[in-house]
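Single-structure report; data block below.
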Amino acid sequence: MTPFYTYYESPIGIIKIVGTENAITHLLFIDKREPASGSIPTVLNSMGSQLDEYFAGRRKKFDIPILMQGTPFQEKVWQELLKIPYGVCMSYGEIAQRIGQKKASRAVGSANHLNKLPIIIPCHRVIGKNRKLVGYAGGVWRKEWLLEHEQRFI
């Protein structure tokens, strides 16, 4: 199945929204646009609207169909990330404990890095145990921006 895609101009750069007719599969930070796919399913347009609300501080949780694509462990981690409240940070170790694998903080970090739905699955809310910002596939500067953005609206 050929994916559909469109683009969103965010305060932290261009986001490529990729999905099927029924769900979002990827949010990708990119440097430049290509032509969008011919037809854009409603779910992709809805994602753009929800991102508008998020960046305006009016949306704290996304309610859009998503399709996670990972190993059972990764999906377990991502499901746990969805439970982190807006504006709250947790450490990789805390997530590992919450999924019942307290020694798996590095594996949690790896799952975070492979999250294809950043912002929706809020991996930016996961920080080092020393409360430092470490790792973010979109760049640590974006992670810092997202955390500061959420702090302004809690």
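To be explicit about the labels: the chains of the structure tokens are called A, B, and onward in the order shown, and within each one the residues are counted from 1, while ligands get numbers from 1 in the order they are shown.
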Margin query: as a list in words, please: the residues near range 57-60 of chain A (cut-off 7 Å, only C-alpha atoms, same-chain neighbours under 3 positions excluded).
Written below: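 The filter keeps Glu53, Tyr54, Tyr86 and Phe153 of chain A.
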Those residues with all heavy atoms, as an mmCIF file, in the first residue's frame please?
data_model
loop_
_atom_site.group_PDB
_atom_site.id
_atom_site.type_symbol
_atom_site.label_atom_id
_atom_site.label_comp_id
_atom_site.auth_asym_id
_atom_site.auth_seq_id
_atom_site.Cartn_x
_atom_site.Cartn_y
_atom_site.Cartn_z
ATOM 1 N N GLU A 53 -3.500 23.117 17.007
ATOM 2 C CA GLU A 53 -3.994 23.283 18.375
ATOM 3 C C GLU A 53 -2.889 23.028 19.397
ATOM 4 O O GLU A 53 -2.773 23.751 20.396
ATOM 5 C CB GLU A 53 -5.173 22.336 18.619
ATOM 6 C CG GLU A 53 -6.394 22.680 17.782
ATOM 7 C CD GLU A 53 -7.439 21.580 17.790
ATOM 8 O OE1 GLU A 53 -7.242 20.516 18.443
ATOM 9 O OE2 GLU A 53 -8.479 21.771 17.116
ATOM 10 N N TYR A 54 -2.075 22.007 19.170
ATOM 11 C CA TYR A 54 -0.974 21.702 20.090
ATOM 12 C C TYR A 54 0.008 22.880 20.157
ATOM 13 O O TYR A 54 0.376 23.327 21.247
ATOM 14 C CB TYR A 54 -0.242 20.419 19.653
ATOM 15 C CG TYR A 54 1.013 20.161 20.459
ATOM 16 C CD1 TYR A 54 0.942 19.565 21.714
ATOM 17 C CD2 TYR A 54 2.266 20.540 19.977
ATOM 18 C CE1 TYR A 54 2.094 19.348 22.464
ATOM 19 C CE2 TYR A 54 3.418 20.318 20.720
ATOM 20 C CZ TYR A 54 3.322 19.729 21.965
ATOM 21 O OH TYR A 54 4.455 19.533 22.700
ATOM 22 N N TYR A 86 0.815 15.705 29.810
ATOM 23 C CA TYR A 86 1.318 16.924 29.175
ATOM 24 C C TYR A 86 2.126 17.725 30.195
ATOM 25 O O TYR A 86 1.686 17.923 31.330
ATOM 26 C CB TYR A 86 0.113 17.735 28.701
ATOM 27 C CG TYR A 86 0.418 19.007 27.974
ATOM 28 C CD1 TYR A 86 0.533 19.032 26.593
ATOM 29 C CD2 TYR A 86 0.538 20.213 28.658
ATOM 30 C CE1 TYR A 86 0.777 20.205 25.909
ATOM 31 C CE2 TYR A 86 0.784 21.398 27.977
ATOM 32 C CZ TYR A 86 0.902 21.383 26.607
ATOM 33 O OH TYR A 86 1.141 22.554 25.930
ATOM 34 N N PHE A 153 2.021 26.216 29.003
ATOM 35 C CA PHE A 153 0.576 26.033 28.909
ATOM 36 C C PHE A 153 -0.005 25.086 29.956
ATOM 37 O O PHE A 153 -1.172 24.690 29.851
ATOM 38 C CB PHE A 153 0.198 25.553 27.502
ATOM 39 C CG PHE A 153 0.473 26.586 26.451
ATOM 40 C CD1 PHE A 153 1.597 26.485 25.648
ATOM 41 C CD2 PHE A 153 -0.380 27.668 26.288
ATOM 42 C CE1 PHE A 153 1.873 27.444 24.677
ATOM 43 C CE2 PHE A 153 -0.116 28.639 25.326
ATOM 44 C CZ PHE A 153 1.009 28.519 24.533
#
Next item on the list: Find the residues near Ile14 in chain A: any atom within 9 Å, counting only C-alpha atoms, skip ones fewer than 2 places away on the same chain, and give them as a ChimeraX atom specification.
Entry: /A:7-12,16,28-33
Write out, as a tab-separated table, each residue of range 54-77 of chain A that has an atom at most 9 Å from range 114-138 of chain A, together with the closest pair of atoms and their distance in Å to one decimal, counting only C-alpha atoms, rows going by chain and rising number.
residue	atom	partner	partner_atom	distance
A:Lys61	CA	A:Ile120	CA	7.6
A:Phe62	CA	A:Ile120	CA	6.1
A:Asp63	CA	A:Ile120	CA	8.9
A:Ile64	CA	A:Ile120	CA	8.8
A:Ile66	CA	A:Leu117	CA	8.3
A:Met68	CA	A:Lys116	CA	8.0
A:Gln69	CA	A:Lys116	CA	8.2
A:Gly70	CA	A:Leu114	CA	8.3
A:Gln74	CA	A:Leu114	CA	8.2
Next item on the list: Write down as a list of chain:residue names the residues of range 32-151 of chain A whose backbone DSSP state falls under strand (DSSP E).
Entry: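 Checking each residue of range 32-151 of chain A, the strand (DSSP E) ones are A:Met90, A:Ser91, A:Val126, A:Ile127.
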Notebook entry, point to check: Pick from A:Pro85, A:Gly139, A:Glu148, A:Val77: nearest to Gly109 in chain A, with only C-alpha atoms counted?
Noted result: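 Going through A:Pro85, A:Gly139, A:Glu148, A:Val77 one by one, the smallest distance to Gly109 in chain A is for A:Val77.
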Next item on the list: Find the residue from A:Ala36, A:Leu27, A:Glu21, A:Thr42 that sits nearest to Tyr5 in chain A; use only C-alpha atoms when measuring.
Entry: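 The closest residue to Tyr5 in chain A is A:Ala36.
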Next item on the list: Have a look at A:Thr25, A:Ile84, A:His113, A:Phe73 and name the one nearest to Ile99 in chain A; count only C-alpha atoms.
Entry: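 Of the candidates, the smallest distance to Ile99 in chain A is held by A:Phe73.
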Item checked: All alpha helix (DSSP H) residues (DSSP, backbone) inside range 13-143 of chain A, as a PyMOL selection string -> chain A and resi 42-55+72-81+92-98+105-113+140-143
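The gap separating CA of Val140 in chain A from CA of Gly87 in chain A is 16.6 Å, in Å to one decimal.
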Check: Can you tell me how far CA of Ile154 in chain A sits from CA of Val18 in chain A, in Å to one decimal?
Finding: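 Interatomic distance, CA of Ile154 in chain A to CA of Val18 in chain A: 28.9 Å.
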